[in-house]
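Have a look at query-v9.cif below; it lists mmCIF, C-alpha atoms.
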```
data_model
#
loop_
_atom_site.label_atom_id
_atom_site.label_comp_id
_atom_site.auth_asym_id
_atom_site.auth_seq_id
_atom_site.Cartn_x
_atom_site.Cartn_y
_atom_site.Cartn_z
CA MET A 1 -73.77 -62.60 -8.06
CA ASN A 2 -73.53 -65.94 -9.78
CA ALA A 3 -71.64 -66.03 -13.04
CA PRO A 4 -73.93 -66.70 -16.01
CA VAL A 5 -74.11 -70.26 -17.29
CA ILE A 6 -72.76 -70.64 -20.78
CA LYS A 7 -73.97 -73.41 -23.01
CA GLN A 8 -72.05 -74.85 -25.91
CA ALA A 9 -73.90 -77.18 -28.27
CA ILE A 10 -72.16 -79.80 -30.37
CA TRP A 11 -74.23 -81.69 -32.91
CA ILE A 12 -73.25 -85.23 -33.79
CA PRO A 13 -74.66 -86.13 -37.21
CA PRO A 14 -75.75 -89.72 -37.93
CA TYR A 15 -72.81 -92.11 -38.47
CA GLU A 16 -70.28 -89.72 -36.93
CA GLY A 17 -68.49 -88.94 -33.67
CA ARG A 18 -67.40 -85.82 -31.81
CA ALA A 19 -65.07 -85.14 -28.89
CA THR A 20 -64.95 -82.32 -26.38
CA LEU A 21 -63.12 -81.24 -23.25
CA VAL A 22 -65.24 -81.00 -20.10
CA ASN A 23 -63.50 -79.27 -17.20
CA LYS A 24 -63.87 -80.34 -13.59
CA GLY A 25 -67.19 -79.13 -12.19
CA GLU A 26 -68.77 -78.61 -15.61
CA SER A 27 -71.74 -80.58 -16.90
CA LEU A 28 -72.32 -82.35 -20.17
CA CYS A 29 -75.77 -83.37 -21.41
CA ILE A 30 -76.12 -86.04 -24.08
CA ILE A 31 -79.46 -85.42 -25.74
CA ASP A 32 -81.30 -87.91 -27.93
CA VAL A 33 -82.76 -85.44 -30.42
CA GLU A 34 -85.24 -87.64 -32.30
CA GLY A 35 -85.38 -90.57 -29.84
CA LYS A 36 -84.20 -94.21 -30.00
CA GLN A 37 -80.60 -93.28 -30.78
CA VAL A 38 -77.74 -94.93 -28.90
CA GLY A 39 -74.64 -92.86 -28.07
CA ASP A 40 -71.37 -94.77 -27.66
CA PHE A 41 -69.34 -92.87 -25.08
CA ILE A 42 -65.74 -92.97 -23.92
CA CYS A 43 -63.98 -90.64 -21.50
CA PHE A 44 -60.32 -89.97 -20.70
CA ASN A 45 -58.63 -88.13 -17.86
CA GLN A 46 -57.43 -85.11 -19.83
CA LYS A 47 -54.17 -84.70 -17.92
CA GLU A 48 -53.32 -88.43 -17.95
CA PRO A 49 -55.06 -90.25 -20.81
CA SER A 50 -53.81 -93.67 -19.64
CA GLU A 51 -56.69 -93.32 -17.16
CA TYR A 52 -60.12 -93.68 -18.73
CA VAL A 53 -63.69 -94.65 -17.86
CA SER A 54 -63.71 -98.45 -17.89
CA PRO A 55 -67.04 -100.32 -17.92
CA VAL A 56 -65.45 -103.53 -16.60
CA HIS A 57 -64.15 -101.66 -13.56
CA MET A 58 -67.47 -99.79 -13.23
CA ARG A 59 -69.28 -103.13 -12.90
CA ALA A 60 -66.94 -104.01 -10.00
CA SER A 61 -67.12 -100.62 -8.26
CA LEU A 62 -70.91 -100.38 -8.60
CA SER A 63 -71.65 -104.12 -8.00
CA SER A 64 -74.11 -103.74 -10.85
CA ILE A 65 -74.64 -103.87 -14.59
CA ARG A 66 -77.19 -101.04 -14.47
CA LEU A 67 -76.64 -97.30 -14.00
CA CYS A 68 -78.56 -95.06 -11.59
CA GLU A 69 -78.54 -91.33 -10.94
CA GLY A 70 -75.67 -90.55 -8.58
CA ASP A 71 -73.46 -93.37 -9.87
CA GLY A 72 -69.84 -92.63 -10.65
CA LEU A 73 -68.31 -93.49 -14.02
CA TYR A 74 -65.27 -95.34 -12.68
CA SER A 75 -61.89 -95.50 -14.35
CA ASN A 76 -59.38 -98.31 -14.82
CA ARG A 77 -57.81 -96.89 -11.63
CA ARG A 78 -61.01 -97.52 -9.67
CA ARG A 79 -62.12 -93.91 -9.13
CA PRO A 80 -64.94 -91.94 -10.75
CA LEU A 81 -64.02 -89.44 -13.48
CA MET A 82 -67.63 -88.29 -14.03
CA ARG A 83 -70.94 -88.73 -12.26
CA LEU A 84 -74.42 -89.41 -13.69
CA MET A 85 -76.44 -86.51 -12.29
CA LYS A 86 -79.70 -86.81 -14.21
CA ASP A 87 -81.23 -89.45 -16.45
CA THR A 88 -84.64 -89.14 -18.10
CA VAL A 89 -84.56 -92.70 -19.51
CA GLY A 90 -83.14 -95.14 -16.96
CA ARG A 91 -82.02 -97.81 -19.40
CA HIS A 92 -78.47 -97.91 -20.73
CA ASP A 93 -75.79 -100.50 -21.43
CA PHE A 94 -72.23 -100.91 -20.24
CA PHE A 95 -71.41 -104.50 -21.10
CA PHE A 96 -71.63 -104.42 -24.93
CA PRO A 97 -68.70 -103.49 -27.24
CA ALA A 98 -68.55 -100.63 -29.73
CA CYS A 99 -69.58 -101.82 -33.18
CA ASP A 100 -66.62 -102.16 -35.51
CA GLU A 101 -65.80 -103.23 -39.04
CA GLU A 102 -65.66 -106.90 -37.98
CA ARG A 103 -69.10 -106.73 -36.33
CA TYR A 104 -70.74 -105.85 -39.63
CA ARG A 105 -68.56 -108.11 -41.76
CA VAL A 106 -68.69 -111.22 -39.56
CA ASP A 107 -72.16 -110.97 -38.02
CA PHE A 108 -74.10 -109.14 -40.78
CA GLY A 109 -72.12 -109.91 -43.97
CA VAL A 110 -71.61 -106.22 -44.81
CA GLU A 111 -68.22 -104.79 -45.76
CA ASN A 112 -67.01 -101.31 -44.80
CA HIS A 113 -70.04 -100.32 -42.75
CA PRO A 114 -69.66 -97.09 -40.73
CA ASN A 115 -69.00 -98.03 -37.11
CA CYS A 116 -68.53 -96.59 -33.64
CA HIS A 117 -64.99 -97.87 -33.21
CA ASP A 118 -63.73 -95.84 -36.16
CA ASN A 119 -65.95 -92.83 -35.42
CA LEU A 120 -64.73 -92.61 -31.83
CA THR A 121 -61.12 -93.07 -32.93
CA ASN A 122 -61.46 -90.28 -35.49
CA ALA A 123 -63.18 -87.95 -33.02
CA LEU A 124 -60.37 -88.48 -30.50
CA ALA A 125 -57.72 -87.82 -33.13
CA MET A 126 -59.28 -84.39 -33.67
CA VAL A 127 -58.45 -83.50 -30.05
CA GLY A 128 -55.01 -85.12 -30.11
CA ILE A 129 -55.75 -88.40 -28.33
CA TYR A 130 -54.44 -91.55 -30.03
CA PRO A 131 -55.09 -94.51 -27.71
CA ASP A 132 -53.26 -97.79 -28.37
CA HIS A 133 -56.41 -99.55 -27.26
CA LEU A 134 -59.85 -97.93 -27.51
CA PRO A 135 -61.61 -98.35 -24.13
CA ASP A 136 -64.94 -100.15 -24.01
CA PRO A 137 -67.89 -97.75 -24.30
CA ILE A 138 -70.88 -96.87 -22.20
CA ASN A 139 -73.77 -97.15 -24.64
CA TRP A 140 -76.22 -94.48 -23.54
CA PHE A 141 -79.86 -95.33 -24.31
CA MET A 142 -79.03 -98.89 -25.45
CA ASN A 143 -81.75 -101.30 -24.35
CA ASN A 144 -80.54 -104.86 -23.66
CA GLU A 145 -83.13 -106.97 -21.92
CA LEU A 146 -81.65 -109.81 -19.89
CA ASP A 147 -83.62 -112.90 -18.98
CA GLU A 148 -83.14 -114.93 -15.81
CA HIS A 149 -80.53 -117.15 -17.52
CA GLY A 150 -78.26 -114.23 -18.48
CA ASP A 151 -79.24 -114.31 -22.16
CA TYR A 152 -80.41 -111.04 -23.64
CA VAL A 153 -82.06 -109.46 -26.64
CA ILE A 154 -81.34 -105.97 -27.92
CA LYS A 155 -84.55 -103.97 -28.15
CA GLU A 156 -85.27 -100.49 -29.45
CA PRO A 157 -84.19 -97.78 -27.00
CA ARG A 158 -86.81 -96.41 -24.64
CA SER A 159 -85.62 -92.84 -25.22
CA ARG A 160 -88.03 -90.36 -26.77
CA PRO A 161 -87.20 -87.06 -28.51
CA GLY A 162 -85.39 -84.77 -26.08
CA ASP A 163 -84.52 -87.41 -23.51
CA TYR A 164 -81.06 -86.99 -22.04
CA VAL A 165 -78.44 -87.87 -19.47
CA GLN A 166 -76.49 -85.19 -17.60
CA LEU A 167 -72.94 -85.93 -16.46
CA GLU A 168 -70.71 -83.89 -14.18
CA ALA A 169 -66.94 -83.96 -14.63
CA LEU A 170 -65.07 -84.77 -11.40
CA VAL A 171 -61.70 -84.08 -13.05
CA ASP A 172 -60.85 -82.45 -16.38
CA VAL A 173 -61.89 -85.02 -18.99
CA VAL A 174 -62.02 -85.51 -22.75
CA VAL A 175 -65.23 -87.17 -23.87
CA ALA A 176 -66.00 -88.72 -27.25
CA VAL A 177 -69.49 -89.73 -28.34
CA ALA A 178 -70.63 -91.43 -31.57
CA THR A 179 -74.14 -91.81 -32.94
CA CYS A 180 -74.20 -95.60 -33.09
CA SER A 181 -74.11 -96.71 -36.74
CA GLN A 182 -76.17 -99.89 -36.33
CA ASP A 183 -78.99 -99.73 -38.90
CA LEU A 184 -79.38 -103.51 -39.44
CA ALA A 185 -80.90 -104.32 -36.02
CA PRO A 186 -83.27 -102.73 -33.46
CA VAL A 187 -80.35 -101.08 -31.58
CA ASN A 188 -81.28 -97.58 -32.82
CA GLY A 189 -84.84 -98.31 -33.94
CA TRP A 190 -83.53 -99.40 -37.38
CA LYS A 191 -82.21 -95.96 -38.36
CA VAL A 192 -79.41 -93.66 -37.26
CA THR A 193 -80.28 -90.15 -36.10
CA PRO A 194 -78.34 -87.24 -34.53
CA LEU A 195 -77.39 -86.63 -30.94
CA LYS A 196 -76.63 -83.29 -29.33
CA LEU A 197 -73.98 -82.64 -26.71
CA GLN A 198 -74.63 -79.64 -24.49
CA ARG A 199 -71.74 -78.46 -22.38
CA MET A 200 -72.64 -76.13 -19.51
CA PHE A 201 -70.13 -74.06 -17.60
CA LYS A 202 -69.88 -70.81 -15.73
CA GLU A 203 -68.15 -67.82 -17.24
CA ARG A 204 -64.61 -67.66 -15.95
CA GLU A 205 -62.61 -64.64 -15.02
CA PHE A 206 -59.43 -64.35 -16.98
CA HIS A 207 -56.35 -62.90 -15.40
CA GLY A 208 -54.17 -61.99 -18.34
CA MET B 1 -54.01 -147.03 -34.52
CA ASN B 2 -54.68 -143.86 -32.59
CA ALA B 3 -51.68 -142.06 -31.20
CA PRO B 4 -51.53 -142.16 -27.41
CA VAL B 5 -52.82 -139.13 -25.54
CA ILE B 6 -50.12 -137.31 -23.63
CA LYS B 7 -51.00 -135.28 -20.58
CA GLN B 8 -48.96 -132.42 -19.25
CA ALA B 9 -49.86 -131.06 -15.80
CA ILE B 10 -49.08 -127.53 -14.71
CA TRP B 11 -49.74 -126.61 -11.10
CA ILE B 12 -50.64 -123.05 -10.24
CA PRO B 13 -49.86 -122.36 -6.59
CA PRO B 14 -52.01 -119.94 -4.59
CA TYR B 15 -51.36 -116.25 -5.44
CA GLU B 16 -49.55 -117.10 -8.68
CA GLY B 17 -50.08 -117.44 -12.43
CA ARG B 18 -48.87 -119.73 -15.18
CA ALA B 19 -48.93 -119.63 -18.98
CA THR B 20 -48.81 -122.36 -21.59
CA LEU B 21 -49.09 -122.88 -25.32
CA VAL B 22 -52.06 -124.94 -26.49
CA ASN B 23 -51.89 -125.99 -30.13
CA LYS B 24 -54.89 -126.12 -32.45
CA GLY B 25 -56.91 -129.26 -31.75
CA GLU B 26 -55.46 -129.80 -28.29
CA SER B 27 -57.45 -129.59 -25.07
CA LEU B 28 -56.78 -127.79 -21.84
CA CYS B 29 -58.53 -128.63 -18.56
CA ILE B 30 -58.61 -126.10 -15.74
CA ILE B 31 -59.15 -128.11 -12.57
CA ASP B 32 -60.25 -126.66 -9.24
CA VAL B 33 -58.18 -128.90 -6.99
CA GLU B 34 -59.66 -128.12 -3.57
CA GLY B 35 -62.87 -126.38 -4.73
CA LYS B 36 -64.13 -122.75 -4.53
CA GLN B 37 -61.10 -121.32 -6.34
CA VAL B 38 -61.55 -118.82 -9.16
CA GLY B 39 -59.15 -118.95 -12.12
CA ASP B 40 -58.60 -115.67 -13.99
CA PHE B 41 -57.97 -116.63 -17.61
CA ILE B 42 -56.70 -114.80 -20.68
CA CYS B 43 -55.87 -116.21 -24.10
CA PHE B 44 -53.93 -114.88 -27.09
CA ASN B 45 -53.67 -116.02 -30.68
CA GLN B 46 -50.11 -117.36 -30.55
CA LYS B 47 -49.21 -116.27 -34.09
CA GLU B 48 -50.78 -112.81 -33.78
CA PRO B 49 -51.04 -111.70 -30.13
CA SER B 50 -52.94 -108.52 -31.04
CA GLU B 51 -55.89 -110.94 -31.26
CA TYR B 52 -57.08 -112.22 -27.89
CA VAL B 53 -60.17 -113.62 -26.20
CA SER B 54 -62.27 -110.58 -25.33
CA PRO B 55 -65.18 -110.93 -22.88
CA VAL B 56 -66.88 -107.76 -24.15
CA HIS B 57 -66.94 -109.20 -27.68
CA MET B 58 -68.00 -112.62 -26.32
CA ARG B 59 -71.07 -111.02 -24.75
CA ALA B 60 -72.00 -109.63 -28.18
CA SER B 61 -71.27 -112.82 -30.15
CA LEU B 62 -73.08 -115.06 -27.63
CA SER B 63 -75.94 -112.59 -26.83
CA SER B 64 -75.40 -113.66 -23.24
CA ILE B 65 -73.50 -113.03 -20.03
CA ARG B 66 -73.42 -116.76 -19.19
CA LEU B 67 -71.32 -119.55 -20.70
CA CYS B 68 -72.62 -122.93 -21.85
CA GLU B 69 -70.90 -126.06 -23.16
CA GLY B 70 -70.28 -125.60 -26.88
CA ASP B 71 -69.84 -121.82 -26.64
CA GLY B 72 -66.89 -120.21 -28.39
CA LEU B 73 -64.47 -117.96 -26.57
CA TYR B 74 -64.60 -115.07 -29.04
CA SER B 75 -61.76 -112.70 -29.78
CA ASN B 76 -61.62 -108.95 -30.34
CA ARG B 77 -61.88 -109.90 -34.05
CA ARG B 78 -65.24 -111.62 -33.46
CA ARG B 79 -64.17 -115.22 -33.98
CA PRO B 80 -63.67 -118.03 -31.45
CA LEU B 81 -60.11 -118.94 -30.46
CA MET B 82 -61.18 -121.74 -28.09
CA ARG B 83 -64.37 -123.63 -27.34
CA LEU B 84 -65.84 -124.70 -23.98
CA MET B 85 -66.22 -128.47 -24.45
CA LYS B 86 -67.07 -129.62 -20.95
CA ASP B 87 -68.04 -127.86 -17.73
CA THR B 88 -68.80 -129.66 -14.46
CA VAL B 89 -69.87 -126.46 -12.66
CA GLY B 90 -72.00 -124.26 -14.94
CA ARG B 91 -71.36 -120.98 -13.19
CA HIS B 92 -68.59 -118.61 -14.31
CA ASP B 93 -68.09 -114.90 -14.85
CA PHE B 94 -67.04 -112.85 -17.83
CA PHE B 95 -68.05 -109.33 -16.88
CA PHE B 96 -65.79 -108.69 -13.85
CA PRO B 97 -62.22 -107.29 -14.06
CA ALA B 98 -59.04 -108.96 -12.87
CA CYS B 99 -58.18 -107.83 -9.35
CA ASP B 100 -55.28 -105.40 -9.32
CA GLU B 101 -53.26 -103.33 -6.87
CA GLU B 102 -55.87 -100.54 -6.98
CA ARG B 103 -58.72 -102.95 -6.18
CA TYR B 104 -57.15 -103.86 -2.85
CA ARG B 105 -55.88 -100.36 -2.07
CA VAL B 106 -59.04 -98.41 -2.99
CA ASP B 107 -61.79 -100.89 -2.11
CA PHE B 108 -60.18 -102.83 0.76
CA GLY B 109 -57.57 -100.43 2.16
CA VAL B 110 -54.71 -102.92 1.71
CA GLU B 111 -51.42 -101.95 0.06
CA ASN B 112 -49.36 -104.29 -2.16
CA HIS B 113 -51.79 -107.21 -2.09
CA PRO B 114 -51.00 -110.04 -4.55
CA ASN B 115 -53.35 -109.70 -7.53
CA CYS B 116 -54.38 -111.35 -10.77
CA HIS B 117 -53.35 -108.44 -12.98
CA ASP B 118 -49.71 -108.72 -11.93
CA ASN B 119 -49.73 -112.53 -11.79
CA LEU B 120 -51.13 -112.81 -15.32
CA THR B 121 -48.66 -110.19 -16.58
CA ASN B 122 -45.74 -112.07 -15.02
CA ALA B 123 -46.91 -115.42 -16.37
CA LEU B 124 -47.16 -113.98 -19.89
CA ALA B 125 -43.69 -112.45 -19.63
CA MET B 126 -42.32 -115.95 -19.02
CA VAL B 127 -43.58 -116.99 -22.47
CA GLY B 128 -42.49 -113.76 -24.18
CA ILE B 129 -45.82 -111.94 -24.37
CA TYR B 130 -45.81 -108.32 -23.19
CA PRO B 131 -49.23 -106.82 -23.93
CA ASP B 132 -49.63 -103.02 -23.83
CA HIS B 133 -53.06 -103.61 -22.38
CA LEU B 134 -53.95 -106.76 -20.45
CA PRO B 135 -57.23 -108.14 -21.86
CA ASP B 136 -60.21 -108.58 -19.53
CA PRO B 137 -60.36 -112.08 -18.04
CA ILE B 138 -62.83 -114.91 -18.02
CA ASN B 139 -63.14 -115.76 -14.34
CA TRP B 140 -63.71 -119.51 -14.26
CA PHE B 141 -65.77 -120.70 -11.28
CA MET B 142 -66.59 -117.12 -10.15
CA ASN B 143 -70.14 -116.93 -8.81
CA ASN B 144 -71.86 -113.57 -9.31
CA GLU B 145 -75.57 -113.69 -8.62
CA LEU B 146 -77.55 -111.03 -10.45
CA ASP B 147 -80.94 -109.85 -9.27
CA GLU B 148 -83.74 -108.65 -11.55
CA HIS B 149 -82.45 -105.05 -11.35
CA GLY B 150 -78.96 -105.91 -12.62
CA ASP B 151 -77.32 -105.60 -9.20
CA TYR B 152 -75.24 -108.54 -8.08
CA VAL B 153 -73.47 -110.07 -5.12
CA ILE B 154 -70.34 -112.19 -5.32
CA LYS B 155 -70.90 -115.54 -3.62
CA GLU B 156 -68.59 -118.45 -2.94
CA PRO B 157 -67.95 -120.56 -6.07
CA ARG B 158 -70.11 -123.62 -6.57
CA SER B 159 -67.07 -125.71 -7.63
CA ARG B 160 -66.12 -128.69 -5.49
CA PRO B 161 -62.75 -130.50 -5.40
CA GLY B 162 -61.93 -131.84 -8.86
CA ASP B 163 -64.48 -129.81 -10.78
CA TYR B 164 -63.17 -128.53 -14.10
CA VAL B 165 -63.74 -126.93 -17.45
CA GLN B 166 -62.29 -128.39 -20.65
CA LEU B 167 -61.38 -126.07 -23.52
CA GLU B 168 -60.38 -126.95 -27.06
CA ALA B 169 -58.00 -124.70 -29.00
CA LEU B 170 -59.37 -123.71 -32.43
CA VAL B 171 -56.07 -122.02 -33.36
CA ASP B 172 -52.66 -122.13 -31.67
CA VAL B 173 -53.09 -120.09 -28.50
CA VAL B 174 -51.15 -118.96 -25.45
CA VAL B 175 -53.22 -119.17 -22.28
CA ALA B 176 -52.46 -117.62 -18.89
CA VAL B 177 -54.33 -118.51 -15.71
CA ALA B 178 -53.96 -117.09 -12.19
CA THR B 179 -55.31 -118.45 -8.93
CA CYS B 180 -57.37 -115.41 -7.95
CA SER B 181 -55.73 -113.68 -4.99
CA GLN B 182 -58.92 -112.37 -3.36
CA ASP B 183 -58.86 -113.51 0.29
CA LEU B 184 -60.86 -110.58 1.74
CA ALA B 185 -64.25 -111.51 0.24
CA PRO B 186 -66.26 -114.68 -0.61
CA VAL B 187 -64.83 -114.77 -4.18
CA ASN B 188 -62.66 -117.83 -3.43
CA GLY B 189 -64.39 -118.99 -0.24
CA TRP B 190 -62.17 -116.63 1.82
CA LYS B 191 -58.90 -118.44 1.02
CA VAL B 192 -56.70 -118.95 -2.02
CA THR B 193 -55.93 -122.52 -3.14
CA PRO B 194 -54.17 -124.10 -6.15
CA LEU B 195 -55.49 -124.84 -9.62
CA LYS B 196 -54.17 -127.45 -12.02
CA LEU B 197 -53.90 -127.07 -15.77
CA GLN B 198 -53.94 -130.30 -17.71
CA ARG B 199 -52.93 -130.10 -21.34
CA MET B 200 -53.89 -133.10 -23.48
CA PHE B 201 -52.48 -133.79 -26.90
CA LYS B 202 -51.67 -136.66 -29.17
CA GLU B 203 -48.10 -137.78 -29.72
CA ARG B 204 -46.79 -136.25 -32.89
CA GLU B 205 -44.55 -137.77 -35.46
CA PHE B 206 -41.39 -135.83 -35.90
CA HIS B 207 -39.72 -135.66 -39.28
CA GLY B 208 -36.17 -134.60 -38.46
#
```

Final structure tokens representation of the file:
Amino acid sequence: MNAPVIKQAIWIPPYEGRATLVNKGESLCIIDVEGKQVGDFICFNQKEPSEYVSPVHMRASLSSIRLCEGDGLYSNRRRPLMRLMKDTVGRHDFFFPACDEERYRVDFGVENHPNCHDNLTNALAMVGIYPDHLPDPINWFMNNELDEHGDYVIKEPRSRPGDYVQLEALVDVVVAVATCSQDLAPVNGWKVTPLKLQRMFKEREFHG
Amino acid sequence: MNAPVIKQAIWIPPYEGRATLVNKGESLCIIDVEGKQVGDFICFNQKEPSEYVSPVHMRASLSSIRLCEGDGLYSNRRRPLMRLMKDTVGRHDFFFPACDEERYRVDFGVENHPNCHDNLTNALAMVGIYPDHLPDPINWFMNNELDEHGDYVIKEPRSRPGDYVQLEALVDVVVAVATCSQDLAPVNGWKVTPLKLQRMFKEREFHG
């Protein structure tokens, strides 16, 4: 008899971040609750946090700047830590940086705006990870449209309420996700809304 | 009377890297001596090396994945440290990682291959910079051709003997460049050849 599947839901309020462990073989869904909300995502090897999902290495390993079902999320050591199993949207970004204090100050003239860099850093601190250098994110649901010259415009996400991506952990990982704080551009459809993480795993037997 | 322009040439042999200071207002040319040779490039603010040219932030500040004459080379603090003044080729890359030991071992099955990561690290050590995390490179002359889906193939560089880019320093910077070591793919036209750095500056008056 198969062990029952247990689901754990983690809500990420607007302008915040959350982190969770995902064990090898478990799945994590990132659900866009209201639609048009980008989730900035980073992922560390739980046993060796100097290894992390690295978009620049992903672009080399995948020979692509797009993501498809079945693609690995490659690390700075050139191996996949998670795999994209299901994707109801088909448009994401992994060449854009996390927004940070400087982004809003320099490019939008706004001081002390909430931002993904700080929200991811804070979420990681809650699970005991303090990286010297925050890895670049995958920006789930972010919709950058490139033209034939390599220039692009950021459009509203294509995701509708309930759309999601499902990731499988290939090793034990720690994942952090932030509801992107950008409310001054079309990135999140001009407003910031929640995301939901849903972790799915089978009940384990405990041998005390 | 204008002060005479002084030129300092630095040769970078195949499979090696070199670093140099470039003061604010000075120019640096990166010259592809024999043609088809990629130069992996990183650049630090000399006075505050925690600030460095960051391709992921460049893509945000430029809204592009291509480089044009006049573009700034933006830092992780969202301001340009250098500017691309002249470019005789018009095709470069700033979304691909530096090759490293894992690239050759995992993707090509070759152990201990020379690589840009180590060559840049060694070149920086010679000028006293020891970054915890090596920034992503700009890969001058690298020729990635994207299709409409976002997939790409790496082709031989378009650069011919003597082609170059000229950069102007907007603050005092330390630059490191490696002759990319990739000889197992078309990246450098299947062989690794030298690059030449040419630093140009005006004679200064010294007040002893």

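Counting only C-alpha atoms and comparing B:Ile6, B:Leu197, B:Met82, B:Ala60, the residue that lies closest to Arg103 in chain A is B:Ala60.
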
- request: Name the residues in contact with Ser27 in chain A at a cut-off of 6 Å, using all atoms listed in the file, excluding same-chain residues fewer than 3 positions from it; report them as a PyMOL selection string.
  value: chain A and resi 167-168+199-200

Next, the residues of the selection above should be written as a short mmCIF file (atom, residue, chain, number, x, y, z; two decimals), in the coordinates of the input with C-alpha atoms.
```cif
data_model
loop_
_atom_site.label_atom_id
_atom_site.label_comp_id
_atom_site.auth_asym_id
_atom_site.auth_seq_id
_atom_site.Cartn_x
_atom_site.Cartn_y
_atom_site.Cartn_z
CA LEU A 167 -72.94 -85.93 -16.46
CA GLU A 168 -70.71 -83.89 -14.18
CA ARG A 199 -71.74 -78.46 -22.38
CA MET A 200 -72.64 -76.13 -19.51
#
```

- request: For the structure provided, state which residues fall under the PyMOL selection byres ((chain B and resi 151) around 7), and present them as a PyMOL selection string.
  value: (chain A and resi 63-66) or (chain B and resi 146-147+149-150+152)

- request: Up to 10 Å from chain A, what residues of chain B turn up? Count all atoms listed in the file and give them as a PyMOL selection string.
  value: chain B and resi 54-67+76-79+94-103+105-107+132-133+136+144+146-154

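Rounded to one decimal, CA of Met85 in chain A and CA of Val177 in chain A lie 17.8 Å from each other.
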
Given the file shown, determine the residues that the PyMOL selection byres ((chain B and resi 180-184) around 7) selects; report them as a PDB file with C-alpha atoms, keeping the file's coordinate frame.
```pdb
ATOM      1  CA  TYR B  15     -51.360-116.250  -5.440  1.00  0.00           C
ATOM      2  CA  VAL B  38     -61.550-118.820  -9.160  1.00  0.00           C
ATOM      3  CA  GLY B  39     -59.150-118.950 -12.120  1.00  0.00           C
ATOM      4  CA  ASP B  40     -58.600-115.670 -13.990  1.00  0.00           C
ATOM      5  CA  PRO B 114     -51.000-110.040  -4.550  1.00  0.00           C
ATOM      6  CA  ASN B 115     -53.350-109.700  -7.530  1.00  0.00           C
ATOM      7  CA  CYS B 116     -54.380-111.350 -10.770  1.00  0.00           C
ATOM      8  CA  ALA B 178     -53.960-117.090 -12.190  1.00  0.00           C
ATOM      9  CA  THR B 179     -55.310-118.450  -8.930  1.00  0.00           C
ATOM     10  CA  ALA B 185     -64.250-111.510   0.240  1.00  0.00           C
ATOM     11  CA  VAL B 187     -64.830-114.770  -4.180  1.00  0.00           C
ATOM     12  CA  ASN B 188     -62.660-117.830  -3.430  1.00  0.00           C
ATOM     13  CA  TRP B 190     -62.170-116.630   1.820  1.00  0.00           C
ATOM     14  CA  LYS B 191     -58.900-118.440   1.020  1.00  0.00           C
ATOM     15  CA  VAL B 192     -56.700-118.950  -2.020  1.00  0.00           C
TER      16      VAL B 192
END
```

message: Report, in Å with one decimal, the straight-line distance from CA of Thr121 in chain A to CA of Pro49 in chain A.
response: 13.8 Å

Starting from the displayed file, determine the output of the PyMOL selection byres ((chain B and resi 43) around 9) and express the residue list as a compact mmCIF listing (two decimals) with C-alpha atoms, keeping the file's coordinate frame.
```
# COMPACT_ATOMS: atom_id res chain seq x y z
CA PHE B 41 -57.97 -116.63 -17.61
CA ILE B 42 -56.70 -114.80 -20.68
CA PHE B 44 -53.93 -114.88 -27.09
CA ASN B 45 -53.67 -116.02 -30.68
CA GLN B 46 -50.11 -117.36 -30.55
CA PRO B 49 -51.04 -111.70 -30.13
CA GLU B 51 -55.89 -110.94 -31.26
CA TYR B 52 -57.08 -112.22 -27.89
CA VAL B 53 -60.17 -113.62 -26.20
CA SER B 54 -62.27 -110.58 -25.33
CA SER B 75 -61.76 -112.70 -29.78
CA LEU B 81 -60.11 -118.94 -30.46
CA MET B 82 -61.18 -121.74 -28.09
CA PRO B 135 -57.23 -108.14 -21.86
CA PRO B 137 -60.36 -112.08 -18.04
CA VAL B 173 -53.09 -120.09 -28.50
CA VAL B 174 -51.15 -118.96 -25.45
CA VAL B 175 -53.22 -119.17 -22.28
CA ALA B 176 -52.46 -117.62 -18.89
CA VAL B 177 -54.33 -118.51 -15.71
```

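Pairwise distance (CA of Ile31 in chain A, CA of Phe108 in chain A) equals 28.6 Å.
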
Find the smallest box with edges along x, y and z containing every listed atom of range 132-138 of chain A, then add 3 Å on each side and report centre and edge lengths in Å to one decimal, as lines of an AutoDock Vina configuration file.
```
center_x = -62.1
center_y = -98.5
center_z = -25.3
size_x = 23.6
size_y = 9.3
size_z = 12.2
```

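Only residues having an atom at most 12 Å from (-47.7, -135.8, -20.3) are included; using all atoms listed in the file, these are Pro4, Val5, Ile6, Lys7, Gln8, Ala9, Ile10, Leu197, Gln198, Arg199, Met200, Phe201, Lys202 and Glu203 of chain B.
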
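The nearest approach to Val22 in chain B among the residues B:Leu195, B:Val171, B:Met142, B:Leu120, with all atoms listed in the file taken into account, belongs to B:Val171.
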